[in-house]
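A.B. asks: Contents are compact mmCIF, C-alpha atoms; file name run.txt:
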# COMPACT_ATOMS: atom_id res chain seq x y z
CA MET A 1 -5.81 -3.30 7.37
CA ILE A 2 -7.59 -3.64 4.01
CA LEU A 3 -4.45 -2.39 2.27
CA PHE A 4 -2.28 -4.79 4.26
CA VAL A 5 -4.38 -7.78 3.20
CA GLY A 6 -4.72 -6.28 -0.29
CA VAL A 7 -0.95 -6.49 -0.75
CA ALA A 8 -1.26 -10.28 -0.69
CA VAL A 9 -3.96 -10.17 -3.40
CA LEU A 10 -1.88 -7.87 -5.59
CA LEU A 11 1.29 -9.94 -5.11
CA LEU A 12 -0.59 -13.09 -6.07
CA ALA A 13 -1.93 -11.42 -9.23
CA LEU A 14 1.58 -10.19 -10.09
CA ASP A 15 3.12 -13.59 -9.41
CA VAL A 16 0.66 -15.52 -11.60
CA SER A 17 0.56 -12.88 -14.36
CA LEU A 18 4.35 -12.96 -14.72
CA SER A 19 4.72 -16.73 -14.42
CA SER A 20 3.66 -17.64 -17.97
CA VAL A 21 1.45 -16.67 -20.91
CA GLU A 22 -1.26 -18.96 -19.52
CA GLY A 23 -0.95 -17.34 -16.09
CA PHE A 24 -1.23 -13.89 -17.64
CA GLU A 25 -4.38 -14.86 -19.56
CA GLU A 26 -5.78 -16.49 -16.41
CA VAL A 27 -5.37 -13.28 -14.40
CA LYS A 28 -6.79 -11.27 -17.30
CA ALA A 29 -9.83 -13.53 -17.54
CA TYR A 30 -10.31 -13.49 -13.78
CA LEU A 31 -10.18 -9.68 -13.72
CA GLY A 32 -13.10 -9.72 -16.15
CA SER A 33 -15.44 -11.25 -13.57
CA PRO A 34 -17.78 -8.90 -11.67
CA LEU A 35 -16.58 -10.06 -8.24
CA ALA A 36 -12.91 -9.49 -9.10
CA LYS A 37 -13.75 -6.06 -10.48
CA LEU A 38 -15.49 -5.20 -7.23
CA VAL A 39 -12.49 -6.37 -5.18
CA VAL A 40 -10.07 -4.38 -7.36
CA TRP A 41 -12.29 -1.33 -7.13
CA ALA A 42 -12.51 -1.63 -3.33
CA LEU A 43 -8.73 -1.97 -3.13
CA LEU A 44 -8.13 0.95 -5.48
CA SER A 45 -10.60 3.07 -3.50
CA ALA A 46 -8.81 2.38 -0.23
CA LEU A 47 -5.46 3.05 -1.89
CA LEU A 48 -6.59 6.30 -3.53
CA TYR A 49 -8.11 7.63 -0.32
CA HIS A 50 -4.95 6.69 1.58
CA LEU A 51 -2.83 8.40 -1.08
CA VAL A 52 -4.88 11.64 -1.07
CA ALA A 53 -5.01 11.77 2.73
CA GLY A 54 -1.26 11.07 2.78
CA VAL A 55 -0.56 13.97 0.42
CA ARG A 56 -2.59 16.15 2.79
CA HIS A 57 -0.30 15.03 5.62
CA LEU A 58 2.73 16.08 3.59
CA VAL A 59 1.11 19.45 2.85
CA MET A 60 0.37 19.92 6.56
CA ASP A 61 3.99 18.98 7.37
CA THR A 62 5.00 22.09 5.46
CA GLY A 63 2.84 24.16 7.82
CA HIS A 64 -0.17 24.73 5.55
CA GLY A 65 -3.73 24.09 6.72
CA GLU A 66 -2.85 23.55 10.35
CA THR A 67 -5.46 25.89 11.80
CA LEU A 68 -8.92 24.64 12.81
CA GLU A 69 -10.50 26.17 9.71
CA GLY A 70 -7.66 24.90 7.53
CA GLY A 71 -8.03 21.41 9.00
CA LYS A 72 -11.76 21.34 8.30
CA LEU A 73 -11.27 22.64 4.77
CA GLY A 74 -8.43 20.18 4.16
CA SER A 75 -10.50 17.19 5.24
CA LYS A 76 -13.32 18.27 2.94
CA ILE A 77 -10.91 18.65 0.02
CA VAL A 78 -9.50 15.18 0.74
CA LEU A 79 -12.99 13.65 0.73
CA ALA A 80 -14.01 15.48 -2.45
CA VAL A 81 -10.82 14.66 -4.39
CA SER A 82 -10.92 11.03 -3.21
CA ALA A 83 -14.57 10.69 -4.23
CA VAL A 84 -13.82 11.98 -7.72
CA LEU A 85 -10.81 9.65 -8.10
CA ILE A 86 -12.77 6.65 -6.79
CA VAL A 87 -15.58 7.29 -9.30
CA LEU A 88 -12.98 7.64 -12.08
CA ALA A 89 -11.38 4.37 -10.96
CA GLY A 90 -14.79 2.72 -11.19
CA VAL A 91 -15.30 4.09 -14.71
CA TRP A 92 -11.86 2.76 -15.68
CA ILE A 93 -12.54 -0.72 -14.28
CA TRP A 94 -16.02 -1.14 -15.82
CA MET B 1 10.01 3.36 27.17
CA VAL B 2 8.64 -0.13 27.75
CA THR B 3 5.68 0.48 25.45
CA ASN B 4 8.00 2.14 22.95
CA VAL B 5 10.48 -0.69 22.62
CA THR B 6 8.65 -2.38 19.73
CA ASN B 7 8.70 0.58 17.37
CA PHE B 8 10.79 0.62 14.23
CA SER B 9 13.71 2.73 15.37
CA ARG B 10 12.95 3.60 19.00
CA SER B 11 12.75 7.16 17.73
CA GLY B 12 9.43 8.75 16.83
CA LEU B 13 11.18 11.33 14.70
CA TYR B 14 13.00 8.70 12.67
CA ASP B 15 9.76 6.73 12.18
CA TRP B 16 8.04 9.93 11.12
CA MET B 17 10.71 10.50 8.46
CA ALA B 18 10.76 6.85 7.35
CA GLN B 19 7.00 6.91 6.94
CA ARG B 20 7.13 9.99 4.73
CA VAL B 21 10.09 8.97 2.58
CA SER B 22 8.56 5.52 2.01
CA ALA B 23 5.21 7.21 1.25
CA VAL B 24 6.73 9.27 -1.56
CA VAL B 25 8.41 6.18 -3.05
CA LEU B 26 5.14 4.23 -2.89
CA ALA B 27 3.16 7.11 -4.40
CA ALA B 28 5.62 7.29 -7.31
CA TYR B 29 5.47 3.53 -7.87
CA PHE B 30 1.66 3.40 -7.65
CA LEU B 31 1.18 6.34 -10.01
CA PHE B 32 3.67 4.83 -12.47
CA LEU B 33 1.95 1.42 -12.49
CA ILE B 34 -1.56 2.88 -12.76
CA GLY B 35 -0.39 5.24 -15.50
CA TYR B 36 1.24 2.32 -17.34
CA LEU B 37 -1.93 0.20 -17.13
CA ILE B 38 -4.14 3.09 -18.27
CA ALA B 39 -1.76 3.89 -21.15
CA ASN B 40 -1.66 0.22 -22.26
CA PRO B 41 -5.23 -1.10 -22.33
CA GLY B 42 -4.43 -4.02 -24.65
CA LEU B 43 -1.46 -5.18 -22.58
CA ASP B 44 -0.06 -8.61 -23.51
CA TYR B 45 2.23 -11.02 -21.65
CA ALA B 46 5.38 -10.19 -23.65
CA GLN B 47 5.04 -6.48 -22.88
CA TRP B 48 4.22 -7.09 -19.20
CA HIS B 49 7.09 -9.55 -18.85
CA ALA B 50 9.52 -7.17 -20.56
CA LEU B 51 8.54 -4.35 -18.20
CA PHE B 52 9.28 -6.39 -15.07
CA SER B 53 12.43 -7.90 -16.59
CA ALA B 54 14.00 -4.49 -17.17
CA GLN B 55 16.77 -3.74 -14.68
CA TRP B 56 15.46 -0.27 -13.80
CA MET B 57 11.99 -1.72 -13.12
CA ARG B 58 13.50 -4.37 -10.83
CA ILE B 59 15.33 -1.67 -8.90
CA PHE B 60 12.18 0.51 -8.78
CA SER B 61 10.07 -2.47 -7.68
CA LEU B 62 12.56 -3.56 -5.02
CA LEU B 63 12.72 0.02 -3.74
CA ALA B 64 8.92 0.05 -3.55
CA LEU B 65 8.93 -3.31 -1.77
CA VAL B 66 11.38 -2.05 0.86
CA ALA B 67 9.32 1.15 1.21
CA LEU B 68 6.16 -0.95 1.55
CA SER B 69 7.71 -3.01 4.34
CA VAL B 70 8.79 0.09 6.24
CA HIS B 71 5.53 1.95 5.60
CA ALA B 72 3.28 -0.97 6.53
CA TRP B 73 5.25 -1.68 9.69
CA VAL B 74 5.08 1.94 10.90
CA GLY B 75 1.36 1.99 10.07
CA MET B 76 0.48 -1.30 11.75
CA TRP B 77 2.65 -0.46 14.76
CA THR B 78 0.80 2.84 15.11
CA ILE B 79 -2.61 1.14 14.89
CA SER B 80 -1.60 -1.43 17.51
CA THR B 81 -0.23 1.12 19.98
CA ASP B 82 -3.25 3.41 19.45
CA TYR B 83 -6.01 0.82 19.84
CA LEU B 84 -4.60 -2.33 21.46
CA THR B 85 -4.03 -0.68 24.84
CA SER B 86 -4.96 -1.76 28.34
CA MET B 87 -7.48 1.09 28.40
CA ALA B 88 -9.22 -0.27 25.31
CA ILE B 89 -9.00 -4.05 25.75
CA GLY B 90 -7.92 -4.71 29.32
CA LYS B 91 -5.06 -6.38 31.13
CA TRP B 92 -3.92 -8.68 28.33
CA ALA B 93 -3.27 -5.69 26.07
CA THR B 94 0.53 -6.00 26.07
CA GLY B 95 0.40 -9.65 25.03
CA VAL B 96 -2.30 -9.06 22.42
CA ARG B 97 -0.42 -6.07 21.02
CA PHE B 98 2.85 -7.98 20.84
CA LEU B 99 1.13 -10.90 19.12
CA PHE B 100 -0.52 -8.56 16.60
CA GLN B 101 2.81 -6.90 15.88
CA ALA B 102 4.52 -10.27 15.51
CA VAL B 103 1.89 -11.44 13.00
CA CYS B 104 2.23 -8.18 11.05
CA GLY B 105 6.02 -8.45 11.07
CA ILE B 106 6.00 -12.06 9.85
CA ALA B 107 3.38 -11.26 7.18
CA MET B 108 5.39 -8.27 5.98
CA PHE B 109 8.60 -10.30 5.87
CA THR B 110 6.76 -13.00 3.90
CA PHE B 111 5.46 -10.38 1.45
CA PHE B 112 9.00 -9.08 1.04
CA VAL B 113 10.56 -12.47 0.31
CA TRP B 114 7.67 -13.37 -2.00
CA GLY B 115 8.10 -10.07 -3.85
CA VAL B 116 11.83 -10.65 -4.32
CA GLN B 117 11.09 -14.14 -5.65
CA ILE B 118 8.60 -12.71 -8.16
CA LEU B 119 11.02 -10.01 -9.32
CA TRP B 120 14.03 -12.31 -9.70
CA GLY B 121 12.15 -15.44 -10.65
CA ILE B 122 11.04 -14.21 -14.06
Written as C-alpha cells, that's how I'd like the structure from this file.
C.D. replies:
Amino acid sequence: MILFVGVAVLLLALDVSLSSVEGFEEVKAYLGSPLAKLVVWALLSALLYHLVAGVRHLVMDTGHGETLEGGKLGSKIVLAVSAVLIVLAGVWIW
Amino acid sequence: MVTNVTNFSRSGLYDWMAQRVSAVVLAAYFLFLIGYLIANPGLDYAQWHALFSAQWMRIFSLLALVALSVHAWVGMWTISTDYLTSMAIGKWATGVRFLFQAVCGIAMFTFFVWGVQILWGI
C-alpha cells in the first residue's frame, strides 16, 4: 500500500524535475528538507525490503530454502540484508 | 470461479509468471536509477533531461511502467482477495472488495497515462 501511494509521489517528483530547470531546482531544494528526506527514506526502505523479499521468492521458486529450517533461515537473511541496505540508504540520503 | 473472476488473467499460473517477470524488470529499472543517482551526486537538469530524452531510456521506462501496472495490480488483487473477505469483514465483502479493486485499477491506469505523458512530454 505504501509503495502504491509512493508511486504517485515519485511520479510527481519526476514530472516536476523534468518539466524545466526551475522545476528541477525546486525538486532538488525540496529534497533537501528534513521531512522530504524522511519520506524518501521511508519509501526507499519499503522498496528495498520488498526487493530483497522478492528476490527470496525467486530463490525459493528454484526450490532452494523451502524446508522449515530453510524458510526460517531465509527470513532472517532477508531481514538482515534489508536492515543493512536501509541503513545504507539512510547514510546516502543524509 | 466467482471470486476468481476479477483476477488479471483468470489463471493463477499466468498471474504468478506475470508477477515474476514484471518483478525482474522493475528490479533492473530500480537498480539502474539508484545506481545512476549514486554515481551522479552533482546531477544537473541538462544531464537528467538528456537521460530521459534518450530513446533507450524511454523504452526502458515504458517497459518499467507496464511492469509496474501489472505488478501492482497482481499485488493489490492478492491483498484484496486475502483480506477483504466475508470471513474478515462480513457480508458486504464482495462489494467492498470490488470497490477496492476498482479504485486500484483506476489509480494504476492514471499512473500509467501520467507516466506516458511525462516520458513523451519532455
A.B. asks: Please identify every residue of chain A that has at least one atom no more than 8 Å from any atom of chain B, counting only C-alpha atoms, and report them as a list of chain:residue names.
C.D. replies: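 That gives A:Met1, A:Phe4, A:Val7, A:Ala8, A:Leu11, A:Leu14, A:Asp15, A:Ser17, A:Leu18, A:Ser19, A:Ser20, A:Val21, A:Phe24, A:Glu25, A:Leu51, A:Gly54, A:Leu58 for chain A.
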A.B. asks: Might you pull out every residue within 9 Å of Ala53 in chain A, with all atoms listed in the file counted and same-chain residues fewer than 2 positions away left off, and present them as number ranges by chain?
C.D. replies: A: 48-51, 55-58, 75, 78-79, 82
A.B. asks: Find the spatial neighbours of Gly90 in chain A, counting only C-alpha atoms, within a cut-off of 10 Å - ignore same-chain residues fewer than 2 positions away - and output them as a ChimeraX atom specification.
C.D. replies: /A:37-38,40-42,44-45,84-88,92-94
A.B. asks: If I wrap all listed atoms of range 37-40 of chain B in a box with edges along x, y and z and add 5 Å on each side, what are its centre and edge lengths in Å to one decimal, as lines of an AutoDock Vina configuration file?
C.D. replies:
center_x = -2.9
center_y = 2.0
center_z = -19.7
size_x = 12.5
size_y = 13.7
size_z = 15.1
A.B. asks: Quick one: of B:Thr81, B:Ala64, B:Ser69, B:Gln19, who's nearest to Ile106 in chain B, counting only C-alpha atoms?
C.D. replies: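 Closest candidate: B:Ser69.
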A.B. asks: Between CA of Gly12 in chain B and CA of Lys76 in chain A, what is the distance, to one decimal in Å?
C.D. replies: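 Pair CA of Gly12 in chain B / CA of Lys76 in chain A returns 28.3 Å.
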A.B. asks: What's the separation between CA of Ile59 in chain B and CA of Val116 in chain B, in Å to one decimal place?
C.D. replies: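 Interatomic distance, CA of Ile59 in chain B to CA of Val116 in chain B: 10.7 Å.
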A.B. asks: Considering only C-alpha atoms, state which residue in the set B:Tyr36, B:Leu65, B:Lys91, B:Phe100 is at the smallest distance from Trp77 in chain B.
C.D. replies: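 With only C-alpha atoms as the atom set, the closest residue is B:Phe100.
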A.B. asks: Could you tell me which of B:Ala93, B:Gly105, B:Ala88, B:Pro41 comes closest to Val74 in chain B if we count all atoms listed in the file?
C.D. replies: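 Looking at the shortest contact to Val74 in chain B, the residue is B:Gly105.
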A.B. asks: Could you tell me how far CA of Tyr30 in chain A lies from CA of Ser61 in chain B, in Å and to one decimal?
C.D. replies: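 Interatomic distance, CA of Tyr30 in chain A to CA of Ser61 in chain B: 24.0 Å.
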A.B. asks: Contacts of Phe98 in chain B at 9 Å or less, counting only C-alpha atoms, minus same-chain residues fewer than 5 places along, as a VMD selection string?
C.D. replies: chain B and resid 6 80 93 103
A.B. asks: For Arg97 in chain B, which of B:Phe60, B:Tyr83, B:Phe32, B:Phe109 is the closest residue, counting all atoms listed in the file?
C.D. replies: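 Among B:Phe60, B:Tyr83, B:Phe32, B:Phe109, it is B:Tyr83 that comes nearest to Arg97 in chain B.
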A.B. asks: May I have the residues within 7 Å of Ser22 in chain B as a list in words, using all atoms listed in the file and disregarding those fewer than 6 positions away in the same chain?
C.D. replies: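 Answer for this query is Ala67, Leu68, Val70 and His71 of chain B.
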